[in-house]
>>> print(open('protein-v3.txt').read())   # compact mmCIF, C-alpha atoms and all ligand atoms
# COMPACT_ATOMS: atom_id res chain seq x y z
CA MET A 1498 134.28 -12.89 -14.62
CA THR A 1499 135.18 -9.88 -12.56
CA VAL A 1500 136.59 -10.63 -9.12
CA PHE A 1501 135.47 -8.34 -6.28
CA ILE A 1502 138.12 -7.55 -3.64
CA GLY A 1503 137.64 -5.59 -0.39
CA VAL A 1504 140.60 -3.93 1.33
CA VAL A 1505 139.60 -3.83 4.97
CA ALA A 1506 140.85 -3.07 8.50
CA PHE A 1507 139.11 -1.89 11.64
CA LYS A 1508 141.88 0.53 12.42
CA GLY A 1509 142.43 3.77 10.52
CA GLY A 1510 145.86 4.77 9.28
CA VAL A 1511 147.16 1.22 8.87
CA GLY A 1512 147.47 1.38 5.09
CA LYS A 1513 144.16 0.37 3.47
CA THR A 1514 144.34 3.15 0.92
CA THR A 1515 148.04 2.57 0.29
CA LEU A 1516 147.46 -1.17 -0.16
CA THR A 1517 144.55 -0.51 -2.54
CA THR A 1518 146.81 1.79 -4.57
CA CYS A 1519 149.70 -0.70 -4.64
CA LEU A 1520 147.42 -3.58 -5.66
CA GLY A 1521 145.80 -1.51 -8.40
CA LEU A 1522 149.14 -0.33 -9.79
CA GLY A 1523 150.77 -3.76 -9.54
CA LEU A 1524 147.91 -5.63 -11.20
CA SER A 1525 147.55 -3.09 -14.01
CA THR A 1526 151.22 -2.41 -14.74
CA SER A 1527 153.05 -5.66 -14.05
CA SER A 1528 150.25 -8.23 -14.40
CA ARG A 1529 148.56 -6.34 -17.29
CA ARG A 1530 145.11 -6.71 -15.77
CA SER A 1531 142.31 -4.21 -16.04
CA VAL A 1532 141.39 -2.88 -12.61
CA LEU A 1533 138.62 -0.66 -11.26
CA LEU A 1534 139.31 0.90 -7.85
CA VAL A 1535 136.35 2.07 -5.78
CA ASP A 1536 136.78 4.69 -3.05
CA PHE A 1537 134.07 3.93 -0.46
CA ASP A 1538 135.73 5.97 2.26
CA PRO A 1539 134.08 9.38 2.87
CA GLN A 1540 137.56 10.68 3.74
CA ALA A 1541 138.30 10.29 0.02
CA ASN A 1542 142.03 9.60 0.46
CA LEU A 1543 142.26 7.24 -2.50
CA THR A 1544 140.45 9.81 -4.63
CA GLU A 1545 142.91 12.47 -3.50
CA ALA A 1546 145.87 10.24 -4.28
CA LEU A 1547 144.79 9.21 -7.78
CA LEU A 1548 142.57 11.87 -9.38
CA THR A 1549 144.07 14.80 -11.23
CA GLN A 1550 142.83 18.31 -10.60
CA ASP A 1551 140.83 18.29 -13.85
CA ASN A 1552 139.11 15.04 -12.83
CA MET A 1553 138.31 16.45 -9.42
CA VAL A 1554 136.79 19.67 -10.76
CA ASP A 1555 134.70 17.62 -13.18
CA ALA A 1556 133.62 15.21 -10.42
CA TYR A 1557 132.48 18.03 -8.12
CA ARG A 1558 130.54 19.71 -10.88
CA ARG A 1559 128.84 16.51 -11.98
CA SER A 1560 127.98 15.43 -8.44
CA GLU A 1561 126.24 18.77 -7.91
CA SER A 1562 124.14 18.39 -11.03
CA TYR A 1563 123.41 14.78 -10.13
CA ASN A 1564 122.27 15.92 -6.70
CA LEU A 1565 123.56 12.66 -5.27
CA ALA A 1566 125.84 12.17 -2.30
CA PHE A 1567 128.26 10.79 -4.78
CA SER A 1568 129.08 7.43 -6.19
CA TYR A 1569 127.93 5.37 -3.26
CA GLU A 1570 124.43 6.79 -3.33
CA ALA A 1571 124.28 6.38 -7.11
CA LEU A 1572 125.16 2.70 -6.73
CA LEU A 1573 122.47 2.23 -4.09
CA GLN A 1574 119.93 3.60 -6.56
CA GLY A 1575 121.20 1.46 -9.40
CA ARG A 1576 122.49 4.54 -11.23
CA GLU A 1577 125.93 4.67 -12.77
CA PRO A 1578 128.57 6.36 -10.63
CA LEU A 1579 131.37 8.49 -12.08
CA VAL A 1580 134.36 6.55 -13.41
CA TYR A 1581 137.73 8.11 -14.30
CA PRO A 1582 140.80 6.54 -15.89
CA ILE A 1583 143.94 7.06 -13.77
CA SER A 1584 146.22 9.41 -15.64
CA GLY A 1585 149.50 7.81 -16.78
CA VAL A 1586 148.45 4.17 -16.22
CA ASP A 1587 146.74 1.93 -18.75
CA ASN A 1588 143.74 -0.13 -17.65
CA LEU A 1589 143.36 1.42 -14.21
CA TYR A 1590 140.15 3.26 -13.30
CA ILE A 1591 138.60 4.81 -10.21
CA ILE A 1592 135.11 5.47 -8.91
CA PRO A 1593 135.85 8.45 -6.64
CA SER A 1594 134.49 9.41 -3.24
CA HIS A 1595 133.45 12.86 -2.07
CA PRO A 1596 133.35 14.66 1.31
CA LYS A 1597 129.60 15.13 0.93
CA TYR A 1598 129.23 11.40 1.39
CA MET A 1599 130.51 11.78 4.98
CA LEU A 1600 127.36 13.64 6.00
CA TRP A 1601 125.16 11.23 4.10
CA ALA A 1602 126.83 8.09 5.50
CA ALA A 1603 126.68 9.38 9.06
CA GLN A 1604 122.91 9.79 8.85
CA ARG A 1605 122.02 6.37 7.58
CA VAL A 1606 122.11 2.84 8.80
CA LEU A 1607 120.65 0.58 6.16
CA GLU A 1608 120.15 -3.13 5.98
CA PRO A 1609 121.86 -4.74 3.01
CA THR A 1610 118.70 -6.25 1.61
CA GLN A 1611 118.86 -8.64 -1.31
CA ASP A 1612 117.58 -5.82 -3.55
CA LYS A 1613 120.39 -3.50 -2.59
CA ILE A 1614 123.02 -6.21 -2.92
CA GLN A 1615 121.76 -7.05 -6.40
CA LEU A 1616 121.73 -3.39 -7.43
CA PHE A 1617 125.22 -2.82 -6.12
CA ARG A 1618 126.80 -5.85 -7.66
CA GLY A 1619 124.79 -5.48 -10.84
CA THR A 1620 125.70 -1.83 -11.43
CA LEU A 1621 129.38 -2.39 -10.61
CA GLY A 1622 129.33 -5.56 -12.71
CA SER A 1623 127.99 -3.76 -15.78
CA ILE A 1624 130.66 -1.06 -15.48
CA ALA A 1625 133.23 -3.83 -15.12
CA GLU A 1626 131.96 -5.45 -18.28
CA ARG A 1627 132.03 -2.24 -20.26
CA PHE A 1628 135.62 -1.47 -19.23
CA ASN A 1629 136.55 -5.14 -19.49
CA VAL A 1630 137.68 -5.17 -15.87
CA ASP A 1631 139.33 -8.21 -14.26
CA TYR A 1632 139.27 -6.88 -10.70
CA ILE A 1633 137.16 -4.44 -8.71
CA ILE A 1634 139.06 -3.38 -5.60
CA VAL A 1635 137.11 -1.52 -2.94
CA ASP A 1636 138.86 0.75 -0.41
CA LEU A 1637 136.67 0.70 2.69
CA PRO A 1638 136.37 3.04 5.65
CA PRO A 1639 137.60 1.70 9.01
CA GLN A 1640 134.38 2.15 10.93
CA MET A 1641 131.16 0.27 10.49
CA TYR A 1642 129.57 3.12 8.56
CA GLY A 1643 125.94 2.06 8.35
CA ILE A 1644 125.50 0.05 5.26
CA VAL A 1645 129.03 0.28 3.90
CA VAL A 1646 130.58 -2.67 5.69
CA PRO A 1647 127.55 -4.97 5.42
CA ILE A 1648 127.25 -4.29 1.70
CA ALA A 1649 130.98 -4.64 1.23
CA SER A 1650 131.18 -7.93 3.04
CA VAL A 1651 128.38 -9.29 0.94
CA ILE A 1652 129.49 -8.10 -2.50
CA THR A 1653 133.20 -8.92 -2.19
CA ASP A 1654 134.57 -12.35 -3.09
CA TYR A 1655 137.83 -11.86 -1.21
CA ILE A 1656 139.20 -9.52 1.43
CA VAL A 1657 142.77 -8.49 2.18
CA SER A 1658 143.90 -6.51 5.19
CA PRO A 1659 146.96 -4.33 5.87
CA VAL A 1660 148.74 -4.81 9.19
CA ILE A 1661 151.32 -2.54 10.83
CA LYS A 1662 153.49 -2.91 13.96
CA GLY A 1663 151.51 -2.25 17.08
CA ALA A 1664 149.32 -4.56 19.06
CA PHE A 1665 145.95 -3.12 18.09
CA SER A 1666 146.49 -3.66 14.40
CA ILE A 1667 147.69 -7.25 14.86
CA GLU A 1668 144.97 -8.27 17.32
CA SER A 1669 142.15 -6.73 15.32
CA VAL A 1670 142.73 -9.13 12.40
CA GLU A 1671 140.99 -11.84 14.43
CA TYR A 1672 137.81 -9.80 14.94
CA LEU A 1673 137.89 -8.52 11.40
CA ILE A 1674 137.78 -12.03 9.95
CA GLU A 1675 134.98 -13.08 12.27
CA THR A 1676 132.92 -9.99 11.51
CA TYR A 1677 133.23 -10.34 7.75
CA TYR A 1678 132.49 -14.07 7.74
CA ASN A 1679 129.49 -13.62 10.02
CA VAL A 1680 128.00 -10.67 8.17
CA ALA A 1681 128.48 -12.25 4.76
CA ARG A 1682 127.03 -15.53 5.91
CA SER A 1683 123.94 -13.91 7.35
CA TYR A 1684 123.05 -12.55 3.89
CA THR A 1685 124.46 -15.07 1.46
CA LYS A 1686 125.49 -18.70 1.62
CA LYS A 1687 128.93 -17.87 0.33
CA PRO A 1688 131.30 -16.25 2.80
CA THR A 1689 133.81 -13.62 1.77
CA ILE A 1690 137.20 -15.33 1.70
CA PHE A 1691 140.10 -13.88 3.66
CA LEU A 1692 143.07 -13.87 1.26
CA GLY A 1693 145.54 -12.69 3.84
CA ALA A 1694 147.16 -9.83 5.72
CA VAL A 1695 149.86 -7.67 4.13
CA LEU A 1696 152.49 -6.18 6.42
CA MET A 1697 152.98 -2.46 5.78
CA LYS A 1698 155.54 0.20 6.72
CA PHE A 1699 158.29 -2.15 7.97
CA SER A 1700 161.78 -1.11 7.04
CA THR A 1701 163.84 -3.49 4.88
CA ILE A 1702 166.28 -4.10 7.73
CA GLU A 1703 163.61 -5.18 10.23
CA THR A 1704 163.67 -8.78 9.04
CA SER A 1705 163.37 -10.49 12.41
CA LEU A 1706 160.57 -8.14 13.48
CA ILE A 1707 158.77 -8.92 10.22
CA GLY A 1708 159.08 -12.64 10.99
CA ASN A 1709 157.71 -12.17 14.50
CA VAL A 1710 154.77 -10.06 13.39
CA LYS A 1711 153.91 -12.55 10.65
CA MET A 1712 153.79 -15.29 13.29
CA ALA A 1713 151.66 -13.17 15.63
CA VAL A 1714 149.18 -12.47 12.82
CA GLN A 1715 149.03 -16.16 11.86
CA LYS A 1716 148.11 -16.96 15.46
CA ARG A 1717 145.25 -14.45 15.35
CA VAL A 1718 144.02 -15.78 12.03
CA LYS A 1719 144.07 -19.34 13.31
CA SER A 1720 142.18 -18.35 16.41
CA ALA A 1721 139.46 -16.66 14.30
CA PHE A 1722 139.04 -19.72 12.09
CA ASP A 1723 139.01 -22.09 15.08
CA ARG A 1724 136.13 -20.10 16.54
CA LEU A 1725 134.27 -19.89 13.22
CA ARG A 1726 134.56 -23.65 12.84
CA SER A 1727 133.30 -24.25 16.37
CA LEU A 1728 130.25 -22.13 15.46
CA GLY A 1729 129.65 -24.35 12.46
CA ILE A 1730 130.81 -21.73 9.98
CA ILE A 1731 133.06 -23.36 7.48
CA GLY A 1732 136.06 -21.39 6.52
CA ASP A 1733 139.73 -21.82 6.05
CA VAL A 1734 142.73 -19.87 4.98
CA ARG A 1735 145.89 -20.78 3.08
CA HIS A 1736 149.44 -19.81 3.92
CA GLY A 1737 148.48 -19.02 7.51
CA GLY A 1738 146.71 -15.91 6.30
CA VAL A 1739 149.79 -13.72 5.75
CA PHE A 1740 151.35 -12.59 2.46
CA ASP A 1741 155.10 -13.13 2.00
CA THR A 1742 155.24 -9.73 0.31
CA VAL A 1743 155.76 -6.73 2.58
CA ILE A 1744 154.99 -3.19 1.43
CA HIS A 1745 158.09 -1.73 3.06
CA TYR A 1746 158.37 1.74 4.49
CA ASN A 1747 158.90 3.96 1.48
CA ARG A 1748 159.23 7.74 1.26
CA ILE A 1749 157.17 7.74 -1.92
CA LEU A 1750 154.24 6.15 -0.07
CA THR A 1751 154.37 8.73 2.73
CA LYS A 1752 153.48 11.31 0.07
CA LEU A 1753 150.57 9.51 -1.47
CA ARG A 1754 148.27 12.48 -0.89
CA ASN A 1755 148.44 16.12 0.20
CA MET A 1756 150.67 16.77 -2.78
CA PRO A 1757 150.30 19.66 -5.20
CA TRP A 1758 148.11 18.87 -8.21
CA THR A 1759 149.93 17.77 -11.32
CA ARG A 1760 148.93 16.14 -14.57
CA GLU A 1761 149.74 12.69 -13.22
CA PRO A 1762 149.23 11.46 -9.67
CA TYR A 1763 152.35 11.71 -7.48
CA ILE A 1764 152.70 7.95 -7.12
CA VAL A 1765 152.38 7.34 -10.86
CA ARG A 1766 155.14 9.86 -11.58
CA HIS A 1767 157.34 8.24 -8.98
CA LEU A 1768 156.72 4.75 -10.27
CA HIS A 1769 157.90 5.50 -13.81
CA GLY A 1770 159.87 8.75 -13.65
CA ARG A 1771 163.65 9.17 -13.98
CA PHE A 1772 165.31 10.54 -10.89
CA GLY A 1773 168.77 11.98 -10.45
CA GLY A 1774 169.22 11.33 -6.73
CA GLU A 1775 170.54 7.99 -5.50
CA ARG A 1776 167.99 7.90 -2.66
CA SER A 1777 165.02 8.55 -4.93
CA ARG A 1778 166.15 5.80 -7.27
CA ARG A 1779 166.41 3.40 -4.34
CA ASP A 1780 162.88 4.27 -3.18
CA GLN A 1781 161.57 3.79 -6.70
CA LYS A 1782 163.30 0.41 -7.09
CA LEU A 1783 161.90 -0.80 -3.76
CA LEU A 1784 158.40 0.36 -4.65
CA VAL A 1785 158.44 -1.34 -8.04
CA SER A 1786 159.74 -4.56 -6.52
CA ASP A 1787 157.17 -4.58 -3.66
CA ILE A 1788 154.26 -3.77 -5.96
CA ASN A 1789 155.21 -6.43 -8.52
CA SER A 1790 155.71 -9.05 -5.87
CA LEU A 1791 152.33 -8.17 -4.30
CA ALA A 1792 150.52 -8.52 -7.63
CA ARG A 1793 152.17 -11.87 -8.39
CA GLU A 1794 151.42 -13.32 -4.98
CA PHE A 1795 147.89 -11.96 -4.99
CA GLU A 1796 147.03 -13.60 -8.31
CA ALA A 1797 148.65 -16.88 -7.28
CA ARG A 1798 146.48 -16.94 -4.15
CA ILE A 1799 143.30 -16.27 -6.06
CA ARG A 1800 144.15 -19.02 -8.55
CA GLU A 1801 144.80 -21.41 -5.69
CA VAL A 1802 141.66 -20.60 -3.72
CA SER A 1803 139.32 -20.53 -6.72
CA GLY A 1804 140.94 -23.55 -8.35
CA VAL A 1805 141.14 -21.66 -11.67
CA GLU A 1806 144.32 -21.92 -13.67
N1 LIG B 1 154.65 1.35 3.14
C1 LIG B 1 154.52 2.63 3.55
N2 LIG B 1 155.59 3.46 3.63
C2 LIG B 1 155.45 4.71 4.06
N3 LIG B 1 154.29 5.27 4.44
C3 LIG B 1 153.19 4.52 4.38
C4 LIG B 1 153.23 3.16 3.94
N4 LIG B 1 151.97 2.64 4.00
C5 LIG B 1 151.19 3.65 4.45
N5 LIG B 1 151.90 4.77 4.69
C6 LIG B 1 151.41 6.06 5.20
O1 LIG B 1 150.62 5.81 6.36
C7 LIG B 1 149.52 6.69 6.41
C8 LIG B 1 148.22 5.88 6.52
O2 LIG B 1 148.06 5.08 5.36
P1 LIG B 1 146.65 4.94 4.64
O3 LIG B 1 146.88 4.03 3.50
O4 LIG B 1 146.07 6.27 4.36
O5 LIG B 1 145.84 4.20 5.79
P2 LIG B 1 144.25 3.90 5.93
O6 LIG B 1 143.67 3.93 4.56
O7 LIG B 1 144.19 2.56 6.57
O8 LIG B 1 143.70 4.97 6.82
C9 LIG B 1 149.57 7.52 5.14
O9 LIG B 1 150.13 8.77 5.46
C10 LIG B 1 150.47 6.74 4.22
O10 LIG B 1 151.15 7.58 3.34
MG MG B 2 142.11 5.08 3.81
>>> encode(input="protein-v3.txt", output="structure tokens", more="lines below")
Ligand SMILES: Nc1ncnc2c1ncn2[C@@H]1O[C@H](COP(=O)(O)OP(=O)(O)O)[C@@H](O)[C@H]1O
Ligand SMILES: [Mg+2]
Amino acid sequence: MTVFIGVVAFKGGVGKTTLTTCLGLGLSTSSRRSVLLVDFDPQANLTEALLTQDNMVDAYRRSESYNLAFSYEALLQGREPLVYPISGVDNLYIIPSHPKYMLWAAQRVLEPTQDKIQLFRGTLGSIAERFNVDYIIVDLPPQMYGIVVPIASVITDYIVSPVIKGAFSIESVEYLIETYYNVARSYTKKPTIFLGAVLMKFSTIETSLIGNVKMAVQKRVKSAFDRLRSLGIIGDVRHGGVFDTVIHYNRILTKLRNMPWTREPYIVRHLHGRFGGERSRRDQKLLVSDINSLAREFEARIREVSGVE
């Protein structure tokens, strides 16, 4: 069975796309899983980070001939979206986004009716089956773009959220959990489960700050679940809702996108490449260690929550 994951946050620029990328790379390279990433953000940052120039040219051409506002619209109509393998990584695929979707998404607010939910999950599910995919990980836009968040909260089994320093990011976790539980519950009996927050962009020497922020996030998570329980919505979270793994500040991750086109995505080259400089090697070692640790912890949490060994 394919597991559907949503990477969510209300704030932009906190690391949703980076976390999606790290999860996808970690699960496919170190855990040997097959993973399909879905870029549902009209800003198309994940697409930019992971598609090669050839893929992108092909995607633009095919979206024109399709006359669809890209993958998202295709899914809503029960038609197959474009899927590309990520160059240089086995068992990692992406359904790309497109700037045209921005215009389309801004003009529509749609109810996630049962029909649409079925179409969405069904179409994604059949792609997952064909590619033998263990996980579908959806990178979501920060705002409540019409139907995107409602659909996402209904089709995902689990959500994870990046958190950075800064009060807004920490506080918003509470409202994020409540929103997703409420929306999911209003359409299905089964709520989307919050797997936890992942701290992003902390330097390796900020250990006491990391500890403090983890505690602050746990407080917010607890407060959200207390309120959900008082409303009669059952929900709980393990480990206080925060991952032990931190995706530390890393120069490689600052250059996830806006890089010149090459045959392999920048991050893939920097994950496996050989580098002469001491500093580059350190960045690479840190990235590999953070990504592997994230994948391990992520799978352990899913096993624990779902009770599957
Ligand atoms: N661990 C990290 N180290 C360095 N830069 C990071 C890290 N995580 C995110 N960034 C940078 O922060 C910016 C915002 O991240 P992004 O993943 O695009 O956020 P979002 O998808 O939430 O808008 C990007 O420029 C990205 O490269
Ligand atoms: Mg993003």
>>> closest_residue(input="protein-v3.txt", among="A:Lys1719, A:Arg1754, A:Lys1613, A:Arg1748", to="ligand MG 2 (chain B)", atoms="all atoms listed in the file")
A:Arg1754
>>> atom_distance(input="protein-v3.txt", atom1="atom CA of Pro1688 of chain A", atom2="atom CA of Asp1654 of chain A")
7.8 Å
>>> residues_near_ligand(input="protein-v3.txt", ligand="ligand LIG 1 (chain B)", cutoff="8 Å", atoms="all atoms listed in the file", output="ChimeraX atom specification")
/A:1506,1508-1517,1542-1543,1636-1639,1659,1697-1699,1744-1754
>>> write_last_selection(input="protein-v3.txt", atoms="C-alpha atoms", output="PDB file, in the frame of the given file")
ATOM      1  CA  ALA A1506     140.850  -3.070   8.500  1.00  0.00           C
ATOM      2  CA  LYS A1508     141.880   0.530  12.420  1.00  0.00           C
ATOM      3  CA  GLY A1509     142.430   3.770  10.520  1.00  0.00           C
ATOM      4  CA  GLY A1510     145.860   4.770   9.280  1.00  0.00           C
ATOM      5  CA  VAL A1511     147.160   1.220   8.870  1.00  0.00           C
ATOM      6  CA  GLY A1512     147.470   1.380   5.090  1.00  0.00           C
ATOM      7  CA  LYS A1513     144.160   0.370   3.470  1.00  0.00           C
ATOM      8  CA  THR A1514     144.340   3.150   0.920  1.00  0.00           C
ATOM      9  CA  THR A1515     148.040   2.570   0.290  1.00  0.00           C
ATOM     10  CA  LEU A1516     147.460  -1.170  -0.160  1.00  0.00           C
ATOM     11  CA  THR A1517     144.550  -0.510  -2.540  1.00  0.00           C
ATOM     12  CA  ASN A1542     142.030   9.600   0.460  1.00  0.00           C
ATOM     13  CA  LEU A1543     142.260   7.240  -2.500  1.00  0.00           C
ATOM     14  CA  ASP A1636     138.860   0.750  -0.410  1.00  0.00           C
ATOM     15  CA  LEU A1637     136.670   0.700   2.690  1.00  0.00           C
ATOM     16  CA  PRO A1638     136.370   3.040   5.650  1.00  0.00           C
ATOM     17  CA  PRO A1639     137.600   1.700   9.010  1.00  0.00           C
ATOM     18  CA  PRO A1659     146.960  -4.330   5.870  1.00  0.00           C
ATOM     19  CA  MET A1697     152.980  -2.460   5.780  1.00  0.00           C
ATOM     20  CA  LYS A1698     155.540   0.200   6.720  1.00  0.00           C
ATOM     21  CA  PHE A1699     158.290  -2.150   7.970  1.00  0.00           C
ATOM     22  CA  ILE A1744     154.990  -3.190   1.430  1.00  0.00           C
ATOM     23  CA  HIS A1745     158.090  -1.730   3.060  1.00  0.00           C
ATOM     24  CA  TYR A1746     158.370   1.740   4.490  1.00  0.00           C
ATOM     25  CA  ASN A1747     158.900   3.960   1.480  1.00  0.00           C
ATOM     26  CA  ARG A1748     159.230   7.740   1.260  1.00  0.00           C
ATOM     27  CA  ILE A1749     157.170   7.740  -1.920  1.00  0.00           C
ATOM     28  CA  LEU A1750     154.240   6.150  -0.070  1.00  0.00           C
ATOM     29  CA  THR A1751     154.370   8.730   2.730  1.00  0.00           C
ATOM     30  CA  LYS A1752     153.480  11.310   0.070  1.00  0.00           C
ATOM     31  CA  LEU A1753     150.570   9.510  -1.470  1.00  0.00           C
ATOM     32  CA  ARG A1754     148.270  12.480  -0.890  1.00  0.00           C
TER      33      ARG A1754
END
>>> atom_distance(input="protein-v3.txt", atom1="atom CA of Leu1616 of chain A", atom2="atom CA of Ile1690 of chain A")
21.6 Å
>>> atom_distance(input="protein-v3.txt", atom1="atom CA of Trp1758 of chain A", atom2="atom CA of His1595 of chain A")
17.0 Å
>>> closest_residue(input="protein-v3.txt", among="A:Tyr1557, A:Tyr1684, A:Tyr1677, A:Tyr1655", to="Glu1608 of chain A", atoms="all atoms listed in the file")
A:Tyr1684
>>> closest_residue(input="protein-v3.txt", among="A:Ser1531, A:Gln1715, A:Thr1759, A:Thr1620", to="Phe1740 of chain A", atoms="all atoms listed in the file")
A:Gln1715
>>> residues_around(input="protein-v3.txt", residues="segment 1661-1672 of chain A", least_positions_apart="3", cutoff="6 Å", atoms="only C-alpha atoms", output="compact mmCIF listing (two decimals) with C-alpha atoms, keeping the file's coordinate frame")
# COMPACT_ATOMS: atom_id res chain seq x y z
CA VAL A 1511 147.16 1.22 8.87
CA GLU A 1675 134.98 -13.08 12.27
CA THR A 1676 132.92 -9.99 11.51
CA LEU A 1696 152.49 -6.18 6.42
CA MET A 1697 152.98 -2.46 5.78
CA VAL A 1714 149.18 -12.47 12.82
CA ARG A 1717 145.25 -14.45 15.35
CA VAL A 1718 144.02 -15.78 12.03
CA ALA A 1721 139.46 -16.66 14.30
>>> residues_near_point(input="protein-v3.txt", point="(139.6, -4.7, 3.0)", cutoff="6 Å", atoms="only C-alpha atoms", output="list in words")
Gly1503, Val1504, Val1505, Ala1506, Ile1656, Val1657 and Ser1658 of chain A
>>> closest_residue(input="protein-v3.txt", among="A:Thr1653, A:Thr1689, A:Gln1540, A:Ser1562", to="ligand MG 2 (chain B)", atoms="all atoms listed in the file")
A:Gln1540
>>> residues_around(input="protein-v3.txt", residues="Thr1499 of chain A", least_positions_apart="5", cutoff="12 Å", atoms="all atoms listed in the file", output="list of chain:residue names")
A:Arg1530, A:Ser1531, A:Val1532, A:Leu1533, A:Arg1618, A:Gly1619, A:Leu1621, A:Gly1622, A:Ser1623, A:Ile1624, A:Ala1625, A:Glu1626, A:Arg1627, A:Phe1628, A:Asn1629, A:Val1630, A:Asp1631, A:Tyr1632, A:Ile1633, A:Ile1634, A:Ile1652, A:Thr1653, A:Asp1654, A:Tyr1655
>>> axis_aligned_box(input="protein-v3.txt", around="segment 1526-1536 of chain A", padding_each_side="5 Å", output="lines of an AutoDock Vina configuration file")
center_x = 144.7
center_y = -1.8
center_z = -10.2
size_x = 26.7
size_y = 22.9
size_z = 24.2
>>> residues_around(input="protein-v3.txt", residues="Gln1550 of chain A", least_positions_apart="4", cutoff="10 Å", atoms="only C-alpha atoms", output="number ranges by chain")
A: 1545, 1554-1556, 1757-1762
>>> closest_residue(input="protein-v3.txt", among="A:Ala1546, A:Met1553, A:Ala1792, A:Ile1591", to="ligand MG 2 (chain B)", atoms="only C-alpha atoms and all ligand atoms")
A:Ala1546
>>> residues_around(input="protein-v3.txt", residues="Phe1795 of chain A", least_positions_apart="6", cutoff="9 Å", atoms="all atoms listed in the file", output="ChimeraX atom specification")
/A:1520,1524,1692,1740
>>> closest_residue(input="protein-v3.txt", among="A:Lys1711, A:Met1498, A:Met1756, A:Cys1519", to="Leu1791 of chain A", atoms="all atoms listed in the file")
A:Cys1519
>>> residues_near_point(input="protein-v3.txt", point="(147.8, 6.4, -15.3)", cutoff="12 Å", atoms="all atoms listed in the file", output="mmCIF file with C-alpha atoms, keeping the file's coordinate frame")
data_model
loop_
_atom_site.group_PDB
_atom_site.id
_atom_site.type_symbol
_atom_site.label_atom_id
_atom_site.label_comp_id
_atom_site.auth_asym_id
_atom_site.auth_seq_id
_atom_site.Cartn_x
_atom_site.Cartn_y
_atom_site.Cartn_z
ATOM 1 C CA THR A 1518 146.810 1.790 -4.570
ATOM 2 C CA GLY A 1521 145.800 -1.510 -8.400
ATOM 3 C CA LEU A 1522 149.140 -0.330 -9.790
ATOM 4 C CA SER A 1525 147.550 -3.090 -14.010
ATOM 5 C CA THR A 1526 151.220 -2.410 -14.740
ATOM 6 C CA SER A 1531 142.310 -4.210 -16.040
ATOM 7 C CA VAL A 1532 141.390 -2.880 -12.610
ATOM 8 C CA ALA A 1546 145.870 10.240 -4.280
ATOM 9 C CA LEU A 1547 144.790 9.210 -7.780
ATOM 10 C CA LEU A 1548 142.570 11.870 -9.380
ATOM 11 C CA THR A 1549 144.070 14.800 -11.230
ATOM 12 C CA TYR A 1581 137.730 8.110 -14.300
ATOM 13 C CA PRO A 1582 140.800 6.540 -15.890
ATOM 14 C CA ILE A 1583 143.940 7.060 -13.770
ATOM 15 C CA SER A 1584 146.220 9.410 -15.640
ATOM 16 C CA GLY A 1585 149.500 7.810 -16.780
ATOM 17 C CA VAL A 1586 148.450 4.170 -16.220
ATOM 18 C CA ASP A 1587 146.740 1.930 -18.750
ATOM 19 C CA ASN A 1588 143.740 -0.130 -17.650
ATOM 20 C CA LEU A 1589 143.360 1.420 -14.210
ATOM 21 C CA TYR A 1590 140.150 3.260 -13.300
ATOM 22 C CA ILE A 1591 138.600 4.810 -10.210
ATOM 23 C CA ARG A 1760 148.930 16.140 -14.570
ATOM 24 C CA GLU A 1761 149.740 12.690 -13.220
ATOM 25 C CA PRO A 1762 149.230 11.460 -9.670
ATOM 26 C CA TYR A 1763 152.350 11.710 -7.480
ATOM 27 C CA ILE A 1764 152.700 7.950 -7.120
ATOM 28 C CA VAL A 1765 152.380 7.340 -10.860
ATOM 29 C CA ARG A 1766 155.140 9.860 -11.580
ATOM 30 C CA HIS A 1767 157.340 8.240 -8.980
ATOM 31 C CA LEU A 1768 156.720 4.750 -10.270
ATOM 32 C CA HIS A 1769 157.900 5.500 -13.810
#
